[in-house]
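> A single structure is presented below for examination.
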Amino acid sequence: MASEVSAVREIAMLPTPSYRADIDGLRAIAVLLVVIYHYGLDQVPGGFIGVDVFFVISGYLITSVVAREIAEGRFSIAAFYSRRVRRILPALTAVIVASLVVGYFVLMPGDYRSLGWQAGTAVLGISNLYFLWNTGYFDQVADLLPLLHTWSLGVEEQFYLVWPIILVAITRLSRNAFLPVILILAAIIASSFAVACFHVSEDPQAAFYLPYTRAWELALGALLVFAPRLPAKWAQVAAPLGLMLVAGSAIVLTSSDPFPGMNALAPCLGAALVIWPSERASITARLLSFEPLRQIGLASYSLYLWHWPILVFYRHYNLGEMPSAPEAALLLVASVGLAFLSLRLIEAPFRRMHLPNLRTLVVGISGSFVMAVSGFALAAAEGVPMRLSSAFRAMESREVMWTWDCPHPTSLGELGKVCVFGEDWETSTDRVFLWGDSHAIHFVPLLNTVLNPGQSAVLFHACPASMGGTYHRNRRDLPDYRAKCIETRETALRFLENTPHIKTVVLASLWQAGYLSKDGEEQPNNDPATTFYYALSETLEVIRASDRKTVLVANFASFPFDPMGCVFAQSTLLRTPCPPDALILPSSGYEERNADLNSVFSALAWERVDVEAVFPGSSMCASGICQTEINGEFLFQDHSHIRRNLSTETLEEIADTIGLTDAID
């Protein structure tokens, strides 16, 4: 052990750690970037990089403490995790408890159920994995999840589960050589960064939430612990350059840019340049030590914890809308006030406690277990739907509104596992092929009500049928979207060609005319309807058969916002009153948005004897006001999708109204 300690002292060359007010100033800038980004300040569209700055700071500060303890021969895993428990858990638990209490009065059951999962996973340090798996297309909108911001705590805690062990191993392997420490850390940084860049192009959501795609940011901060001090003249250049990289990234980047990956390099390097120890404090360091900034930096953890749920719960109260400028200012003041109260009454007292390490760990683990069980119990109770009257139970969550039990889940060759409804697929001689995106999924219950005796139908959930041939759509959030559309189109066409007795093909999607490109080149924006016409014609020509017809299902009417906030404003939940006409959809809005699309559908149905068109929006908006309620049931589950758990009576009435019954005969 003595030789190891000697080696570490030579390798690390660590001076006695001293408090650096400039790092607290950098913390303040990081948390303020995050806060103003979340509160919608357009001038800082890349404020989310504040979290990455935090990662670099954390890697530096925690590694400096651990490396010093290893060098002095007094490092203890128990002591390390005891400090983490006292640093992280008390304030986090307070925020979680407050969120669960407020959520009881504000959130829909489905959202409250989700909050239970968020609370349980957050206190266990794995909420980043929960959000990775539960922020998809039909999950709750991510920016309305009260504990979404705890994903970064999950990344940190998972990193620090292994980092002290890696650090001990590095010091043992390095012996008396300085270079191996740098090389091993550089290898960790390079490999993690390469994985992050790969995932950003292949799976952006995984790149954002997974710990090994963020590990390079924390390891970059750790590397600074072992770096030689910057000469004073270099520090005078490095620190302001680093601050400019951080500020520039916050101004230039936007949420639509691929991230983390290459775009995270500038803010992280910027943070590293500011943090890099120097022989004398730079002018930038003295500016960052400005007392108001330093105080905000000291409260940065609590401010980060409190600002987000305060904003999210207000948005739930405000029917999903962002606060106005005066409202945002009041919410920000409340966040800062709670942050300093949390620092004084919760963070500081727990950090000053001198309990035995083992006792601290036992108390922390036990408290986390109790909190996690409470959250999971809330989720198991389905968000306590008894809080609401029976009239709202059928709409208590997205999952409930989307519920429709497939009668015959079946594997059909290259289609894989699909939903078959109506008669048995194998014995039927009159088959229906429903092809489209999520709007084909919400169309299944309607189609099921009008199937004739002997008819069998299958749902093929893929891209809209207008894409994947000559015409495409690129999506930044799904880098493989174009390739997926090509693949699923080819699969559908092969299945149609090789499967006998498919007499009817139903194409249903959320159709949009202005987003297609031909052979990868964007088409002129002045003629999107023509582009859409040729894209859909291409598909119709390929799937045509002698005894087959195609039914084109145009768009339903849609809201310009998610109407569920207004629906639940009529319940006992704490919500701001909704305008009386908020849930009224004038037909003029539908006609304006869908005129070009409907003209394309009408033209194709007139030109081709094998094509019929169904116009749900036009049929349900015939009286000047679009129908949003039938038989006392609100029809929508969000701005454009129809509920799948509507009663059979209501589904039949919709099918008759839009002409689906006649089209399928």
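Chain lettering (A, B, ...) mirrors the order of the structure tokens, residue numbering begins at 1 for each chain separately, and ligand numbering begins at 1 in order of display.
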Which residues come within 8 Å of range 308-312 of chain A, counting only C-alpha atoms, excluding same-chain residues fewer than 3 positions away, as a ChimeraX atom specification?
/A:35,38-39,99,143-147,149,304-305,315-316,331,335
> Could you please write out, as a PyMOL selection string, every residue of range 514-623 of chain A that DSSP assigns to strand (DSSP E or B)?
chain A and resi 517-518+521-522+549-553+585-586+611-614
> Could you tell me, as a ChimeraX atom specification, which residues of range 331-548 of chain A DSSP assigns to alpha helix (DSSP H) when given the backbone?
/A:331-342,348-352,357-380,398-401,438-441,444-450,481-498,528-543
> Taking only C-alpha atoms into account, which of A:Tyr481, A:Phe75, A:Tyr19, A:Trp151 comes nearest Ser289 in chain A?
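Nearest candidate to Ser289 in chain A out of A:Tyr481, A:Phe75, A:Tyr19, A:Trp151: A:Tyr19.
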> If you count only C-alpha atoms, which residues fall within 12 Å of Gly116 in chain A, apart from same-chain ones fewer than 6 positions away, as a PDB file with N, CA, C and O atoms, in the first residue's frame?

ATOM      1  N   ILE A  96     -39.436  15.229  -4.490  1.00  0.00           N
ATOM      2  CA  ILE A  96     -40.323  14.128  -4.887  1.00  0.00           C
ATOM      3  C   ILE A  96     -41.592  14.122  -4.039  1.00  0.00           C
ATOM      4  O   ILE A  96     -42.710  13.993  -4.565  1.00  0.00           O
ATOM      5  N   VAL A  97     -41.448  14.278  -2.728  1.00  0.00           N
ATOM      6  CA  VAL A  97     -42.622  14.287  -1.845  1.00  0.00           C
ATOM      7  C   VAL A  97     -43.545  15.450  -2.207  1.00  0.00           C
ATOM      8  O   VAL A  97     -44.771  15.287  -2.313  1.00  0.00           O
ATOM      9  N   SER A  99     -43.820  16.911  -5.063  1.00  0.00           N
ATOM     10  CA  SER A  99     -44.423  16.632  -6.371  1.00  0.00           C
ATOM     11  C   SER A  99     -45.589  15.655  -6.243  1.00  0.00           C
ATOM     12  O   SER A  99     -46.629  15.832  -6.893  1.00  0.00           O
ATOM     13  N   LEU A 100     -45.424  14.639  -5.404  1.00  0.00           N
ATOM     14  CA  LEU A 100     -46.505  13.670  -5.229  1.00  0.00           C
ATOM     15  C   LEU A 100     -47.732  14.315  -4.585  1.00  0.00           C
ATOM     16  O   LEU A 100     -48.874  13.996  -4.935  1.00  0.00           O
ATOM     17  N   VAL A 101     -47.503  15.236  -3.651  1.00  0.00           N
ATOM     18  CA  VAL A 101     -48.626  15.915  -2.996  1.00  0.00           C
ATOM     19  C   VAL A 101     -49.347  16.818  -3.989  1.00  0.00           C
ATOM     20  O   VAL A 101     -50.576  16.772  -4.123  1.00  0.00           O
ATOM     21  N   GLY A 103     -49.235  16.705  -7.251  1.00  0.00           N
ATOM     22  CA  GLY A 103     -49.783  15.902  -8.337  1.00  0.00           C
ATOM     23  C   GLY A 103     -51.145  15.321  -8.023  1.00  0.00           C
ATOM     24  O   GLY A 103     -51.978  15.144  -8.923  1.00  0.00           O
ATOM     25  N   TYR A 104     -51.403  15.007  -6.759  1.00  0.00           N
ATOM     26  CA  TYR A 104     -52.696  14.448  -6.362  1.00  0.00           C
ATOM     27  C   TYR A 104     -53.838  15.393  -6.745  1.00  0.00           C
ATOM     28  O   TYR A 104     -54.921  14.949  -7.139  1.00  0.00           O
ATOM     29  N   LEU A 107     -52.929  16.393 -11.384  1.00  0.00           N
ATOM     30  CA  LEU A 107     -52.680  15.499 -12.516  1.00  0.00           C
ATOM     31  C   LEU A 107     -53.827  14.542 -12.795  1.00  0.00           C
ATOM     32  O   LEU A 107     -54.481  14.041 -11.876  1.00  0.00           O
ATOM     33  N   PRO A 109     -55.225  10.876 -13.764  1.00  0.00           N
ATOM     34  CA  PRO A 109     -54.737   9.595 -13.219  1.00  0.00           C
ATOM     35  C   PRO A 109     -53.567   8.995 -13.996  1.00  0.00           C
ATOM     36  O   PRO A 109     -52.612   8.501 -13.395  1.00  0.00           O
ATOM     37  N   GLY A 110     -53.634   9.036 -15.317  1.00  0.00           N
ATOM     38  CA  GLY A 110     -52.527   8.485 -16.093  1.00  0.00           C
ATOM     39  C   GLY A 110     -51.230   9.227 -15.853  1.00  0.00           C
ATOM     40  O   GLY A 110     -50.154   8.625 -15.750  1.00  0.00           O
ATOM     41  N   ALA A 122     -36.480   7.694  -9.848  1.00  0.00           N
ATOM     42  CA  ALA A 122     -35.579   8.807  -9.541  1.00  0.00           C
ATOM     43  C   ALA A 122     -34.829   8.567  -8.244  1.00  0.00           C
ATOM     44  O   ALA A 122     -33.619   8.790  -8.147  1.00  0.00           O
ATOM     45  N   VAL A 123     -35.530   8.105  -7.216  1.00  0.00           N
ATOM     46  CA  VAL A 123     -34.888   7.918  -5.916  1.00  0.00           C
ATOM     47  C   VAL A 123     -33.931   6.724  -5.949  1.00  0.00           C
ATOM     48  O   VAL A 123     -33.016   6.633  -5.127  1.00  0.00           O
ATOM     49  N   SER A 127     -33.839   6.881 -13.188  1.00  0.00           N
ATOM     50  CA  SER A 127     -34.935   7.510 -13.932  1.00  0.00           C
ATOM     51  C   SER A 127     -34.557   7.762 -15.385  1.00  0.00           C
ATOM     52  O   SER A 127     -35.431   7.830 -16.252  1.00  0.00           O
ATOM     53  N   TYR A 130     -35.886   4.909 -17.177  1.00  0.00           N
ATOM     54  CA  TYR A 130     -37.350   4.982 -17.280  1.00  0.00           C
ATOM     55  C   TYR A 130     -37.749   5.918 -18.426  1.00  0.00           C
ATOM     56  O   TYR A 130     -38.623   5.582 -19.240  1.00  0.00           O
ATOM     57  N   LEU A 145     -43.561  16.058 -17.917  1.00  0.00           N
ATOM     58  CA  LEU A 145     -43.228  15.069 -16.887  1.00  0.00           C
ATOM     59  C   LEU A 145     -42.544  15.791 -15.730  1.00  0.00           C
ATOM     60  O   LEU A 145     -41.448  16.343 -15.898  1.00  0.00           O
ATOM     61  N   PRO A 146     -43.142  15.793 -14.539  1.00  0.00           N
ATOM     62  CA  PRO A 146     -42.626  16.624 -13.442  1.00  0.00           C
ATOM     63  C   PRO A 146     -41.213  16.291 -12.982  1.00  0.00           C
ATOM     64  O   PRO A 146     -40.510  17.167 -12.467  1.00  0.00           O
ATOM     65  N   LEU A 147     -40.770  15.052 -13.143  1.00  0.00           N
ATOM     66  CA  LEU A 147     -39.436  14.674 -12.670  1.00  0.00           C
ATOM     67  C   LEU A 147     -38.508  14.292 -13.821  1.00  0.00           C
ATOM     68  O   LEU A 147     -37.518  13.582 -13.625  1.00  0.00           O
ATOM     69  N   MET A 371     -39.321   5.287  -0.321  1.00  0.00           N
ATOM     70  CA  MET A 371     -39.800   6.246  -1.307  1.00  0.00           C
ATOM     71  C   MET A 371     -40.124   5.551  -2.629  1.00  0.00           C
ATOM     72  O   MET A 371     -41.131   5.844  -3.285  1.00  0.00           O
ATOM     73  N   ALA A 372     -39.256   4.619  -3.028  1.00  0.00           N
ATOM     74  CA  ALA A 372     -39.483   3.895  -4.280  1.00  0.00           C
ATOM     75  C   ALA A 372     -40.745   3.048  -4.207  1.00  0.00           C
ATOM     76  O   ALA A 372     -41.557   3.038  -5.146  1.00  0.00           O
ATOM     77  N   VAL A 373     -40.925   2.338  -3.095  1.00  0.00           N
ATOM     78  CA  VAL A 373     -42.124   1.513  -2.924  1.00  0.00           C
ATOM     79  C   VAL A 373     -43.376   2.384  -2.973  1.00  0.00           C
ATOM     80  O   VAL A 373     -44.394   2.012  -3.578  1.00  0.00           O
ATOM     81  N   SER A 374     -43.318   3.565  -2.363  1.00  0.00           N
ATOM     82  CA  SER A 374     -44.470   4.480  -2.375  1.00  0.00           C
ATOM     83  C   SER A 374     -44.800   4.901  -3.807  1.00  0.00           C
ATOM     84  O   SER A 374     -45.973   4.935  -4.210  1.00  0.00           O
ATOM     85  N   GLY A 375     -43.747   5.244  -4.571  1.00  0.00           N
ATOM     86  CA  GLY A 375     -43.984   5.644  -5.955  1.00  0.00           C
ATOM     87  C   GLY A 375     -44.548   4.515  -6.795  1.00  0.00           C
ATOM     88  O   GLY A 375     -45.507   4.705  -7.555  1.00  0.00           O
ATOM     89  N   PHE A 376     -43.980   3.323  -6.646  1.00  0.00           N
ATOM     90  CA  PHE A 376     -44.458   2.184  -7.428  1.00  0.00           C
ATOM     91  C   PHE A 376     -45.866   1.766  -7.005  1.00  0.00           C
ATOM     92  O   PHE A 376     -46.657   1.298  -7.828  1.00  0.00           O
ATOM     93  N   ALA A 377     -46.173   1.945  -5.714  1.00  0.00           N
ATOM     94  CA  ALA A 377     -47.533   1.636  -5.250  1.00  0.00           C
ATOM     95  C   ALA A 377     -48.541   2.597  -5.883  1.00  0.00           C
ATOM     96  O   ALA A 377     -49.649   2.198  -6.263  1.00  0.00           O
ATOM     97  N   LEU A 378     -48.152   3.863  -5.994  1.00  0.00           N
ATOM     98  CA  LEU A 378     -49.013   4.845  -6.658  1.00  0.00           C
ATOM     99  C   LEU A 378     -49.235   4.467  -8.118  1.00  0.00           C
ATOM    100  O   LEU A 378     -50.348   4.563  -8.642  1.00  0.00           O
ATOM    101  N   ALA A 379     -48.164   4.004  -8.781  1.00  0.00           N
ATOM    102  CA  ALA A 379     -48.299   3.563 -10.170  1.00  0.00           C
ATOM    103  C   ALA A 379     -49.208   2.338 -10.253  1.00  0.00           C
ATOM    104  O   ALA A 379     -50.051   2.233 -11.158  1.00  0.00           O
ATOM    105  N   ALA A 380     -49.048   1.410  -9.308  1.00  0.00           N
ATOM    106  CA  ALA A 380     -49.884   0.206  -9.305  1.00  0.00           C
ATOM    107  C   ALA A 380     -51.345   0.548  -9.054  1.00  0.00           C
ATOM    108  O   ALA A 380     -52.243  -0.168  -9.519  1.00  0.00           O
ATOM    109  N   ALA A 381     -51.598   1.636  -8.333  1.00  0.00           N
ATOM    110  CA  ALA A 381     -52.973   2.084  -8.072  1.00  0.00           C
ATOM    111  C   ALA A 381     -53.539   2.879  -9.236  1.00  0.00           C
ATOM    112  O   ALA A 381     -54.608   3.502  -9.118  1.00  0.00           O
ATOM    113  N   GLU A 382     -52.809   2.863 -10.379  1.00  0.00           N
ATOM    114  CA  GLU A 382     -53.270   3.529 -11.608  1.00  0.00           C
ATOM    115  C   GLU A 382     -53.503   5.021 -11.409  1.00  0.00           C
ATOM    116  O   GLU A 382     -54.372   5.618 -12.051  1.00  0.00           O
ATOM    117  N   GLY A 383     -52.721   5.638 -10.529  1.00  0.00           N
ATOM    118  CA  GLY A 383     -52.846   7.077 -10.346  1.00  0.00           C
ATOM    119  C   GLY A 383     -54.077   7.499  -9.576  1.00  0.00           C
ATOM    120  O   GLY A 383     -54.512   8.653  -9.673  1.00  0.00           O
ATOM    121  N   VAL A 384     -54.656   6.602  -8.801  1.00  0.00           N
ATOM    122  CA  VAL A 384     -55.825   6.874  -7.944  1.00  0.00           C
ATOM    123  C   VAL A 384     -56.973   7.494  -8.754  1.00  0.00           C
ATOM    124  O   VAL A 384     -57.341   8.659  -8.554  1.00  0.00           O
TER     125      VAL A 384
END
> Interatomic distance between CA of Asn318 in chain A and CA of Gln118 in chain A?
21.7 Å
> What does the distance between CA of Gly413 in chain A and CA of Val551 in chain A come to in Å, to one decimal place?
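Pair CA of Gly413 in chain A / CA of Val551 in chain A returns 24.0 Å.
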> Can you tell me which residues surround Arg593 in chain A at a distance of at most 10 Å, considering only C-alpha atoms, apart from same-chain residues fewer than 5 positions away, and format the answer as a ChimeraX atom specification?
/A:512,555,557-558,588,598
> Rounded to one decimal in Å, what is the spacing between CA of Glu649 in chain A and CA of Val614 in chain A?
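Here the two named atoms are 20.0 Å from each other.
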> Would you mind telling me which residue in A:Ala186, A:Leu330, A:Leu478, A:Leu218 lies nearest to Asp52 in chain A when using only C-alpha atoms?
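For Asp52 in chain A, the nearest of the candidates is A:Leu218.
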> Need the shell around range 349-354 of chain A: protein/DNA/RNA residues with any atom at most 6 Å away, counting only C-alpha atoms. Skip same-chain ones fewer than 2 positions apart. Format as a PyMOL selection string?
chain A and resi 86+346-347
> The selected residues should be written to file as a PDB file, in the first residue's frame (atoms: N, CA and C atoms).

ATOM      1  N   ARG A  86     -25.687  11.877   1.406  1.00  0.00           N
ATOM      2  CA  ARG A  86     -26.004  13.140   2.090  1.00  0.00           C
ATOM      3  C   ARG A  86     -26.099  14.306   1.113  1.00  0.00           C
ATOM      4  N   ILE A 346     -32.217  22.079   4.165  1.00  0.00           N
ATOM      5  CA  ILE A 346     -32.110  20.654   3.841  1.00  0.00           C
ATOM      6  C   ILE A 346     -30.680  20.276   3.449  1.00  0.00           C
ATOM      7  N   GLU A 347     -30.176  20.892   2.375  1.00  0.00           N
ATOM      8  CA  GLU A 347     -28.855  20.499   1.879  1.00  0.00           C
ATOM      9  C   GLU A 347     -27.752  20.676   2.922  1.00  0.00           C
TER      10      GLU A 347
END
> Nearest to Ala194 in chain A among A:Phe615, A:Trp404, A:Trp435, A:Trp216, with distances taken over only C-alpha atoms: which residue is it?
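Nearest to Ala194 in chain A: A:Trp216.
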> I need the residue nearest Phe561 in chain A from this list: A:His408, A:His639, A:His461, A:Arg475. Use only C-alpha atoms for the distance.
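Distance minimum relative to Phe561 in chain A lands on A:His639.
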> Which is closer to Tyr533 in chain A than all the others in A:Ser623, A:Ser602, A:Thr63, A:Thr171, using only C-alpha atoms?
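Smallest separation from Tyr533 in chain A among the options: A:Ser602.
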> Would you pick out the contacts of Met401 in chain A at 9 Å or less, using only C-alpha atoms, so that residues sharing its chain but fewer than 5 positions from it are not included, and give the list as an mmCIF file with all heavy atoms, in the first residue's frame?

data_model
loop_
_atom_site.group_PDB
_atom_site.id
_atom_site.type_symbol
_atom_site.label_atom_id
_atom_site.label_comp_id
_atom_site.auth_asym_id
_atom_site.auth_seq_id
_atom_site.Cartn_x
_atom_site.Cartn_y
_atom_site.Cartn_z
ATOM 1 N N ALA A 394 -63.154 6.912 -18.350
ATOM 2 C CA ALA A 394 -62.774 6.363 -19.655
ATOM 3 C C ALA A 394 -61.683 7.189 -20.330
ATOM 4 O O ALA A 394 -61.129 6.771 -21.349
ATOM 5 C CB ALA A 394 -63.990 6.279 -20.568
ATOM 6 N N MET A 395 -61.375 8.356 -19.781
ATOM 7 C CA MET A 395 -60.342 9.223 -20.353
ATOM 8 C C MET A 395 -59.222 9.486 -19.356
ATOM 9 O O MET A 395 -58.471 10.445 -19.501
ATOM 10 C CB MET A 395 -60.971 10.556 -20.786
ATOM 11 C CG MET A 395 -62.034 10.428 -21.859
ATOM 12 S SD MET A 395 -62.748 12.023 -22.319
ATOM 13 C CE MET A 395 -63.718 12.390 -20.849
ATOM 14 N N GLU A 396 -59.082 8.617 -18.365
ATOM 15 C CA GLU A 396 -58.173 8.916 -17.261
ATOM 16 C C GLU A 396 -56.704 8.884 -17.653
ATOM 17 O O GLU A 396 -55.859 9.436 -16.958
ATOM 18 C CB GLU A 396 -58.409 7.951 -16.105
ATOM 19 C CG GLU A 396 -58.076 6.510 -16.415
ATOM 20 C CD GLU A 396 -58.477 5.574 -15.293
ATOM 21 O OE1 GLU A 396 -59.575 5.724 -14.730
ATOM 22 O OE2 GLU A 396 -57.672 4.694 -14.973
ATOM 23 N N PHE A 636 -61.911 12.559 -28.907
ATOM 24 C CA PHE A 636 -60.468 12.664 -29.121
ATOM 25 C C PHE A 636 -59.686 12.231 -27.884
ATOM 26 O O PHE A 636 -60.147 12.375 -26.749
ATOM 27 C CB PHE A 636 -60.087 14.108 -29.484
ATOM 28 C CG PHE A 636 -60.572 14.531 -30.844
ATOM 29 C CD1 PHE A 636 -61.879 14.961 -31.029
ATOM 30 C CD2 PHE A 636 -59.733 14.508 -31.945
ATOM 31 C CE1 PHE A 636 -62.335 15.350 -32.276
ATOM 32 C CE2 PHE A 636 -60.175 14.895 -33.191
ATOM 33 C CZ PHE A 636 -61.482 15.319 -33.366
ATOM 34 N N GLN A 637 -58.436 11.761 -28.141
ATOM 35 C CA GLN A 637 -57.531 11.473 -27.032
ATOM 36 C C GLN A 637 -56.341 12.435 -27.014
ATOM 37 O O GLN A 637 -55.607 12.520 -26.050
ATOM 38 C CB GLN A 637 -57.023 10.043 -27.093
ATOM 39 C CG GLN A 637 -55.945 9.787 -28.130
ATOM 40 C CD GLN A 637 -55.074 8.618 -27.730
ATOM 41 O OE1 GLN A 637 -55.512 7.718 -27.040
ATOM 42 N NE2 GLN A 637 -53.825 8.630 -28.166
ATOM 43 N N ILE A 642 -58.330 9.782 -32.616
ATOM 44 C CA ILE A 642 -59.620 9.406 -32.053
ATOM 45 C C ILE A 642 -59.396 8.348 -30.975
ATOM 46 O O ILE A 642 -58.534 7.474 -31.110
ATOM 47 C CB ILE A 642 -60.551 8.851 -33.161
ATOM 48 C CG1 ILE A 642 -60.773 9.920 -34.236
ATOM 49 C CG2 ILE A 642 -61.888 8.402 -32.591
ATOM 50 C CD1 ILE A 642 -61.443 11.165 -33.744
ATOM 51 N N ARG A 643 -60.171 8.426 -29.918
ATOM 52 C CA ARG A 643 -60.082 7.407 -28.867
ATOM 53 C C ARG A 643 -60.436 6.032 -29.425
ATOM 54 O O ARG A 643 -61.362 5.888 -30.212
ATOM 55 C CB ARG A 643 -61.044 7.748 -27.725
ATOM 56 C CG ARG A 643 -60.599 8.886 -26.834
ATOM 57 C CD ARG A 643 -61.708 9.298 -25.900
ATOM 58 N NE ARG A 643 -62.317 8.150 -25.225
ATOM 59 C CZ ARG A 643 -63.508 8.178 -24.624
ATOM 60 N NH1 ARG A 643 -64.229 9.293 -24.642
ATOM 61 N NH2 ARG A 643 -63.974 7.104 -24.028
ATOM 62 N N ARG A 644 -59.706 5.025 -28.972
ATOM 63 C CA ARG A 644 -60.008 3.661 -29.410
ATOM 64 C C ARG A 644 -60.977 2.960 -28.465
ATOM 65 O O ARG A 644 -61.501 1.891 -28.808
ATOM 66 C CB ARG A 644 -58.712 2.844 -29.506
ATOM 67 C CG ARG A 644 -57.703 3.446 -30.471
ATOM 68 C CD ARG A 644 -56.911 2.395 -31.196
ATOM 69 N NE ARG A 644 -56.242 1.463 -30.300
ATOM 70 C CZ ARG A 644 -55.686 0.321 -30.692
ATOM 71 N NH1 ARG A 644 -55.731 -0.036 -31.955
ATOM 72 N NH2 ARG A 644 -55.082 -0.476 -29.829
ATOM 73 N N ASN A 645 -61.193 3.523 -27.275
ATOM 74 C CA ASN A 645 -62.080 2.858 -26.312
ATOM 75 C C ASN A 645 -63.494 3.427 -26.339
ATOM 76 O O ASN A 645 -64.213 3.363 -25.341
ATOM 77 C CB ASN A 645 -61.500 2.942 -24.897
ATOM 78 C CG ASN A 645 -61.487 4.366 -24.342
ATOM 79 O OD1 ASN A 645 -61.489 5.335 -25.099
ATOM 80 N ND2 ASN A 645 -61.470 4.493 -23.026
ATOM 81 N N LEU A 646 -63.895 3.999 -27.470
ATOM 82 C CA LEU A 646 -65.267 4.484 -27.614
ATOM 83 C C LEU A 646 -66.233 3.301 -27.638
ATOM 84 O O LEU A 646 -65.869 2.178 -28.014
ATOM 85 C CB LEU A 646 -65.402 5.291 -28.911
ATOM 86 C CG LEU A 646 -64.607 6.605 -28.970
ATOM 87 C CD1 LEU A 646 -64.603 7.150 -30.398
ATOM 88 C CD2 LEU A 646 -65.171 7.633 -27.997
#
> Might you pull out every residue within 10 Å of Phe559 in chain A, with only C-alpha atoms counted and same-chain residues fewer than 6 positions away left off, and present them as a compact mmCIF listing (two decimals) with N, CA and C atoms, in the first residue's frame?

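Full text of part01.txt as output:
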# COMPACT_ATOMS: atom_id res chain seq x y z
N ALA A 582 -63.57 26.62 -26.26
CA ALA A 582 -62.26 26.01 -26.54
C ALA A 582 -62.38 24.65 -27.21
N LEU A 583 -63.43 23.91 -26.90
CA LEU A 583 -63.59 22.57 -27.46
C LEU A 583 -64.50 22.55 -28.69
N ILE A 584 -64.77 23.72 -29.24
CA ILE A 584 -65.56 23.83 -30.47
C ILE A 584 -64.60 23.92 -31.66
N LEU A 585 -64.80 23.06 -32.64
CA LEU A 585 -63.95 23.06 -33.82
C LEU A 585 -64.73 23.58 -35.03
N PRO A 586 -64.49 24.80 -35.48
CA PRO A 586 -65.17 25.30 -36.67
C PRO A 586 -64.71 24.52 -37.91
N GLY A 589 -61.65 25.79 -40.17
CA GLY A 589 -60.26 25.44 -39.87
C GLY A 589 -59.87 24.14 -40.53
N TYR A 590 -60.76 23.16 -40.49
CA TYR A 590 -60.47 21.87 -41.14
C TYR A 590 -60.32 22.06 -42.64
N THR A 628 -67.21 16.76 -32.03
CA THR A 628 -66.16 16.33 -31.09
C THR A 628 -66.75 15.44 -30.00
N PHE A 636 -61.91 12.56 -28.91
CA PHE A 636 -60.47 12.66 -29.12
C PHE A 636 -59.69 12.23 -27.88
N ASP A 638 -56.13 13.13 -28.10
CA ASP A 638 -55.14 14.21 -28.17
C ASP A 638 -55.58 15.13 -29.30
N HIS A 639 -54.67 15.86 -29.88
CA HIS A 639 -55.10 16.86 -30.86
C HIS A 639 -55.63 16.24 -32.15
N SER A 640 -55.20 14.99 -32.51
CA SER A 640 -55.64 14.44 -33.80
C SER A 640 -56.10 12.99 -33.76
N HIS A 641 -55.78 12.24 -32.71
CA HIS A 641 -56.16 10.83 -32.66
C HIS A 641 -57.52 10.63 -32.00
